[in-house]
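*Asks:* To be precise about what I am sending: the file is called structure-v8.txt and holds compact mmCIF, C-alpha atoms.
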# COMPACT_ATOMS: atom_id res chain seq x y z
CA MET W 663 -71.96 48.85 39.54
CA ASP W 664 -68.45 48.19 38.17
CA GLU W 665 -67.15 51.69 38.88
CA LYS W 666 -65.45 52.12 42.27
CA VAL W 667 -67.66 54.47 44.27
CA LYS W 668 -66.11 57.40 46.11
CA ILE W 669 -68.12 59.26 48.74
CA LEU W 670 -66.92 62.48 50.33
CA PHE W 671 -68.16 63.33 53.82
CA VAL W 672 -67.58 66.90 55.01
CA ASP W 673 -67.94 67.93 58.66
CA ASP W 674 -65.93 70.16 60.96
CA GLU W 675 -66.16 67.56 63.76
CA GLU W 676 -63.67 64.67 63.62
CA ASN W 677 -65.92 62.36 65.65
CA VAL W 678 -68.72 62.69 63.08
CA LEU W 679 -66.38 61.70 60.25
CA THR W 680 -65.11 58.76 62.30
CA ALA W 681 -68.70 57.65 62.88
CA VAL W 682 -69.68 57.69 59.18
CA LYS W 683 -66.52 55.77 58.28
CA ARG W 684 -67.62 53.11 60.74
CA VAL W 685 -71.13 52.97 59.21
CA PHE W 686 -69.74 52.29 55.72
CA MET W 687 -66.75 50.19 56.76
CA ASP W 688 -68.01 47.06 54.94
CA ALA W 689 -70.03 48.74 52.19
CA GLY W 690 -67.31 48.56 49.53
CA TYR W 691 -67.15 52.33 49.02
CA THR W 692 -64.06 54.51 49.14
CA ILE W 693 -64.79 56.98 51.93
CA LEU W 694 -63.08 60.38 51.73
CA THR W 695 -63.38 62.99 54.48
CA ALA W 696 -62.81 66.73 54.82
CA LEU W 697 -62.99 69.06 57.84
CA SER W 698 -63.96 72.16 55.84
CA GLY W 699 -65.47 73.31 52.57
CA LYS W 700 -62.07 74.47 51.29
CA GLU W 701 -60.53 71.05 52.01
CA ALA W 702 -63.52 69.35 50.35
CA LEU W 703 -63.08 71.34 47.13
CA LYS W 704 -59.41 70.40 46.99
CA ILE W 705 -60.29 66.70 47.39
CA LEU W 706 -62.87 67.00 44.59
CA GLU W 707 -60.18 68.40 42.28
CA GLU W 708 -58.08 65.29 42.84
CA ASN W 709 -60.78 62.59 42.96
CA ASP W 710 -63.70 61.40 40.84
CA VAL W 711 -66.39 61.56 43.51
CA GLN W 712 -69.95 60.39 42.90
CA LEU W 713 -71.57 61.58 46.13
CA ILE W 714 -70.87 64.32 48.66
CA VAL W 715 -72.48 64.53 52.11
CA SER W 716 -71.87 67.78 53.95
CA ASP W 717 -72.71 69.14 57.36
CA TYR W 718 -74.75 72.33 57.22
CA ARG W 719 -73.16 74.42 59.97
CA MET W 720 -69.43 74.85 59.37
CA PRO W 721 -67.14 77.87 59.81
CA ASP W 722 -66.09 79.96 56.78
CA MET W 723 -68.29 78.04 54.33
CA ASN W 724 -71.51 76.29 55.35
CA GLY W 725 -72.83 73.13 53.67
CA ILE W 726 -75.28 74.87 51.31
CA GLU W 727 -72.59 77.28 50.11
CA LEU W 728 -70.20 74.38 49.55
CA LEU W 729 -72.73 72.33 47.58
CA LYS W 730 -73.64 75.31 45.43
CA VAL W 731 -69.97 75.56 44.40
CA VAL W 732 -69.86 71.79 43.85
CA ARG W 733 -72.93 71.97 41.62
CA LYS W 734 -71.29 74.61 39.42
CA GLN W 735 -68.12 72.54 39.08
CA ARG W 736 -69.63 69.04 38.91
CA GLU W 737 -73.38 69.06 38.42
CA ASP W 738 -73.48 65.25 38.18
CA ILE W 739 -72.34 64.72 41.80
CA ILE W 740 -75.22 63.80 44.11
CA ARG W 741 -75.37 66.34 46.98
CA ILE W 742 -76.73 65.60 50.47
CA ILE W 743 -76.95 67.80 53.61
CA LEU W 744 -76.39 66.27 57.03
CA SER W 745 -77.37 68.55 59.93
CA GLY W 746 -78.81 68.89 63.39
CA TYR W 747 -79.91 72.47 62.63
CA ALA W 748 -83.21 73.05 64.43
CA ASP W 749 -84.90 75.47 62.00
CA LEU W 750 -86.06 72.85 59.46
CA ASN W 751 -88.10 75.31 57.37
CA ALA W 752 -85.10 77.54 56.82
CA LEU W 753 -82.94 74.53 56.09
CA ILE W 754 -85.41 73.02 53.62
CA THR W 755 -85.58 76.35 51.78
CA ALA W 756 -81.80 76.42 51.60
CA VAL W 757 -81.75 72.80 50.39
CA ASN W 758 -84.21 73.61 47.59
CA GLU W 759 -82.19 76.64 46.55
CA GLY W 760 -79.03 74.57 46.47
CA HIS W 761 -80.61 71.74 44.42
CA ILE W 762 -79.74 69.25 47.14
CA TYR W 763 -80.82 65.64 46.69
CA LYS W 764 -81.78 65.07 50.33
CA PHE W 765 -81.54 66.34 53.89
CA ILE W 766 -80.51 63.86 56.61
CA PRO W 767 -81.04 65.04 60.22
CA LYS W 768 -78.57 64.50 63.04
CA PRO W 769 -78.42 62.22 64.86
CA TRP W 770 -78.99 59.78 62.00
CA ASN W 771 -80.14 56.18 61.95
CA ASP W 772 -77.34 54.01 60.52
CA ASP W 773 -79.68 51.79 58.44
CA GLU W 774 -81.58 54.77 57.08
CA LEU W 775 -78.28 56.47 56.21
CA ARG W 776 -77.09 53.38 54.31
CA ILE W 777 -80.39 53.16 52.42
CA THR W 778 -80.30 56.87 51.57
CA ILE W 779 -76.73 56.62 50.28
CA SER W 780 -77.55 53.47 48.28
CA ASN W 781 -80.60 55.11 46.69
CA ALA W 782 -78.59 58.24 45.92
CA LEU W 783 -75.91 56.18 44.17
CA ASP W 784 -78.55 54.30 42.18
CA ARG W 785 -79.83 57.69 41.07
CA TYR W 786 -76.31 58.78 40.11
CA PHE W 787 -75.57 55.73 37.96
CA LEU W 788 -79.04 55.74 36.40
CA HIS W 789 -78.56 59.38 35.43
CA LYS W 790 -75.09 58.59 34.08
CA LYS W 791 -76.46 55.68 32.02
CA ASN W 792 -79.23 57.92 30.65
CA LEU W 793 -76.63 60.50 29.63
CA GLU W 794 -74.58 57.80 27.88
CA LEU W 795 -77.65 56.50 26.04
CA THR W 796 -78.66 60.04 25.12
CA SER W 797 -75.16 60.69 23.82
CA GLU W 798 -75.23 57.46 21.80
CA LEU W 799 -78.65 58.37 20.42
CA GLU W 800 -77.45 61.85 19.48
CA GLU W 801 -74.41 60.34 17.75
CA LYS W 802 -76.60 57.87 15.84
CA ASN W 803 -78.94 60.71 14.89
CA ARG W 804 -75.93 62.75 13.76
CA GLN W 805 -74.74 59.81 11.64
CA LEU W 806 -78.26 59.34 10.27
CA VAL W 807 -78.49 63.02 9.34
CA MET W 808 -75.08 62.77 7.65
CA LEU W 809 -76.15 59.60 5.84
CA ASN W 810 -79.41 61.22 4.72
CA SER W 811 -77.46 64.23 3.51
CA LYS W 812 -75.09 62.03 1.51
CA LEU W 813 -78.03 60.01 0.19
CA LYS W 814 -79.82 63.19 -0.84
CA GLU W 815 -76.67 64.45 -2.54
CA PHE W 816 -76.25 61.10 -4.33
CA MET W 817 -79.90 61.09 -5.43
CA GLU W 818 -79.59 64.64 -6.71
CA GLN W 819 -76.46 63.69 -8.64
CA GLN W 820 -78.17 60.61 -10.05
CA SER W 821 -81.24 62.63 -10.93
CA ALA W 822 -79.09 65.22 -12.69
CA HIS W 823 -77.20 62.43 -14.48
CA LEU W 824 -80.43 60.72 -15.57
CA GLU W 825 -81.88 64.03 -16.70
CA SER W 826 -78.72 64.71 -18.70
CA LYS W 827 -78.82 61.22 -20.24
CA SER W 828 -82.52 61.65 -21.00
CA LYS W 829 -81.86 64.94 -22.77
CA GLU W 830 -78.98 63.32 -24.64
CA MET W 831 -81.20 60.40 -25.70
CA ASN W 832 -83.95 62.78 -26.78
CA ILE W 833 -81.45 64.76 -28.84
CA ASN W 834 -80.07 61.57 -30.39
CA GLN W 835 -83.58 60.31 -31.11
CA HIS W 836 -84.49 63.67 -32.64
CA ILE W 837 -81.41 63.51 -34.85
CA ILE W 838 -82.20 59.95 -35.95
CA ASP W 839 -85.84 60.85 -36.59
CA SER W 840 -84.76 63.86 -38.68
CA LEU W 841 -82.45 61.87 -40.96
CA PRO W 842 -83.62 61.22 -44.54
CA ILE W 843 -81.92 57.83 -44.23
CA GLY W 844 -84.04 54.97 -42.86
CA ILE W 845 -82.63 53.67 -39.57
CA SER W 846 -83.77 50.58 -37.64
CA PHE W 847 -82.50 48.50 -34.73
CA PHE W 848 -83.09 44.73 -34.50
CA ASP W 849 -82.41 42.45 -31.57
CA PHE W 850 -81.08 38.94 -32.20
CA LYS W 851 -84.66 37.62 -32.16
CA ASN W 852 -85.30 39.66 -35.31
CA MET W 853 -87.58 42.10 -33.49
CA VAL W 854 -87.47 45.80 -34.34
CA PHE W 855 -87.26 47.75 -31.11
CA ARG W 856 -86.64 51.17 -32.66
CA CYS W 857 -86.80 52.79 -36.08
CA ASN W 858 -87.15 56.29 -37.48
CA PRO W 859 -89.89 57.76 -39.74
CA ALA W 860 -87.71 57.39 -42.88
CA TRP W 861 -87.47 53.62 -42.24
CA LYS W 862 -91.22 53.35 -41.76
CA GLY W 863 -91.66 55.29 -45.00
CA VAL W 864 -89.80 52.53 -46.83
CA THR W 865 -91.02 49.35 -45.07
CA GLY W 866 -94.49 50.61 -44.20
CA ASP W 867 -94.78 48.43 -41.04
CA GLN W 868 -92.39 48.32 -38.12
CA HIS W 869 -93.43 44.78 -37.15
CA THR W 870 -93.66 43.09 -40.57
CA MET W 871 -90.39 43.33 -42.44
CA PRO W 872 -89.80 42.32 -46.08
CA GLU W 873 -88.14 38.91 -46.45
CA LYS W 874 -85.00 40.33 -48.05
CA VAL W 875 -84.53 42.64 -45.03
CA MET W 876 -84.84 39.74 -42.59
CA LYS W 877 -82.33 37.68 -44.58
CA PHE W 878 -79.93 40.60 -44.41
CA VAL W 879 -80.46 40.81 -40.63
CA ASP W 880 -79.67 37.09 -40.28
CA THR W 881 -76.52 37.60 -42.31
CA MET W 882 -75.44 40.41 -39.96
CA LYS W 883 -75.57 38.11 -36.91
CA THR W 884 -72.32 36.48 -38.02
CA ARG W 885 -70.69 39.53 -39.55
CA TYR W 886 -69.65 42.93 -38.26
CA GLY W 887 -70.83 44.96 -41.26
CA ALA W 888 -72.17 44.63 -44.80
CA VAL W 889 -73.62 46.63 -47.71
CA GLU W 890 -76.16 45.34 -50.20
CA LYS W 891 -77.99 46.85 -53.16
CA VAL W 892 -81.73 46.17 -52.62
CA GLU W 893 -85.21 47.22 -53.58
CA ILE W 894 -87.79 47.47 -50.82
CA ASN W 895 -91.44 48.02 -51.72
CA GLY W 896 -90.41 49.44 -55.10
CA ILE W 897 -87.82 51.77 -53.60
CA SER W 898 -84.24 51.03 -54.63
CA GLY W 899 -81.22 51.88 -52.58
CA LYS W 900 -78.39 50.57 -50.46
CA LEU W 901 -78.93 48.59 -47.26
CA LEU W 902 -76.10 48.98 -44.77
CA GLY W 903 -75.78 46.87 -41.64
CA VAL W 904 -73.64 46.82 -38.50
CA SER W 905 -73.66 44.26 -35.67
CA LEU W 906 -72.99 45.84 -32.26
CA ASP W 907 -72.52 44.67 -28.68
CA ILE W 908 -74.51 47.00 -26.40
CA GLY W 909 -74.11 45.10 -23.16
CA LYS W 910 -73.20 41.81 -21.56
CA GLU W 911 -74.46 39.05 -23.88
CA GLN W 912 -76.69 41.57 -25.69
CA LYS W 913 -76.27 42.38 -29.37
CA VAL W 914 -78.21 44.41 -31.90
CA VAL W 915 -78.20 44.77 -35.66
CA THR W 916 -78.42 48.33 -36.90
CA LEU W 917 -79.65 48.84 -40.46
CA ALA W 918 -79.58 51.94 -42.61
CA PHE W 919 -81.40 52.27 -45.93
CA ILE W 920 -80.19 54.97 -48.31
CA ARG W 921 -82.45 55.68 -51.28
CA ASP W 922 -80.81 55.97 -54.65
CA ASN W 923 -82.61 59.22 -55.36
CA ILE W 924 -81.92 60.83 -51.98
CA ALA W 925 -81.04 64.50 -52.31
Written as structure tokens, that's how I'd like the structure from this file.
*Replies:*
Amino acid sequence: MDEKVKILFVDDEENVLTAVKRVFMDAGYTILTALSGKEALKILEENDVQLIVSDYRMPDMNGIELLKVVRKQREDIIRIILSGYADLNALITAVNEGHIYKFIPKPWNDDELRITISNALDRYFLHKKNLELTSELEEKNRQLVMLNSKLKEFMEQQSAHLESKSKEMNINQHIIDSLPIGISFFDFKNMVFRCNPAWKGVTGDQHTMPEKVMKFVDTMKTRYGAVEKVEINGISGKLLGVSLDIGKEQKVVTLAFIRDNIA
């Protein structure tokens, strides 16, 4: 309990306040006292009090009335009634209505009073810690909701981007497939990883290329571009090639075959 504890005792009798000060002389608490409810409220405005113990019967404002006001202003303060009032049933009803932590009868037992105050303070700091943890949890939940919202927004943006790129690729592939010119893409291991129908119409097999085509591909690995007059499977035309970098340490050879008799 690092926080300096302040306890306010309220009673209209000076000797009672002197007695409680004596009880808690060596307890390490800061003991504040007030002779009336009005004085007590003023002290509460100027001090961070954790616990208030009030006599029940006082002129102008009794203990229950005082603690009701305290509860409205500072609900976290632990509230205790100290009284020698004989009608316990009436007092207990008033205590329940005022949301009072405990009723201590007069005359009190010093040890029991110390234990009651200690337990009440434990309750105060436990409640305070729970509020802090709840606040931290709410803040973490708020951050998590914000993070999830940003993640959702990012995923939606990525999804829209991928969908756009997919449509773009489909359009590009449709354009390539619609060309009367044969188009093929080779990696540097001489494997065809994409070609259009016009290319297949000339070579006949995507995986088995004519020798003259493969020689041309090998030539393109050390050159940026070239054009060669060729005949593939009885079809004459021009073979055009371009070597392209499409990524880090990744190159492709793009070939185009234009028939001589193309319209």
*Asks:* Tell me which protein, DNA and RNA residues are within 7 Å of range 782-793 of chain W, counting all atoms listed in the file, leaving out same-chain ones fewer than 4 positions away, and put them as a ChimeraX atom specification.
*Replies:* /W:740,778,797
*Asks:* If you measure from CA of Arg921 in chain W to CA of Glu830 in chain W, what distance in Å do you get, rounded to one decimal?
*Replies:*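 Computing the Euclidean distance for CA of Arg921 in chain W and CA of Glu830 in chain W yields 27.9 Å.
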*Asks:* In terms of the shortest atom-to-atom distance over only C-alpha atoms, which of W:Ile705, W:Leu824, W:Ile894, W:Ala681 is closest to Glu873 in chain W?
*Replies:* W:Ile894
*Asks:* Measuring between all atoms listed in the file, which one of W:Ala696, W:Val807, W:Val892, W:Ile838 shows the shortest distance to Pro859 in chain W?
*Replies:*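 Result for the nearest residue to Pro859 in chain W: W:Ile838.
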*Asks:* Which residue out of W:Tyr886, W:Phe919, W:Phe816, W:Trp770 has the minimum interatomic distance to Leu841 in chain W when all atoms listed in the file are used?
*Replies:*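 Closest to Leu841 in chain W, using all atoms listed in the file: W:Phe919.
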*Asks:* Quick one: of W:Leu906, W:Ile714, W:Val678, W:Met817, who's nearest to Phe850 in chain W, counting only C-alpha atoms?
*Replies:* W:Leu906
*Asks:* Rounded to one decimal place, report the CA of Thr916 in chain W-CA of Gly903 in chain W distance in Å.
*Replies:*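 We find that CA of Thr916 in chain W and CA of Gly903 in chain W lie 5.6 Å from each other.
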*Asks:* Using all atoms listed in the file, determine which residues lie at most 8 Å from Phe765 in chain W, disregarding the query and same-chain residues fewer than 6 positions distant; provide the list as a PyMOL selection string.
*Replies:* chain W and resi 742-745+754+757
*Asks:* Selected residues, C-alpha atoms, written as a CSV table (one decimal), keeping the file's coordinate frame, please.
*Replies:*
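For reference, out30.csv as written:
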chain,number,residue,atom,x,y,z
W,742,ILE,CA,-76.7,65.6,50.5
W,743,ILE,CA,-77.0,67.8,53.6
W,744,LEU,CA,-76.4,66.3,57.0
W,745,SER,CA,-77.4,68.6,59.9
W,754,ILE,CA,-85.4,73.0,53.6
W,757,VAL,CA,-81.8,72.8,50.4
*Asks:* Of the residues W:Leu806, W:Ile669, W:Val682, W:Leu902, which is the one nearest to Asn771 in chain W, using all atoms listed in the file?
*Replies:*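 Closest candidate: W:Val682.
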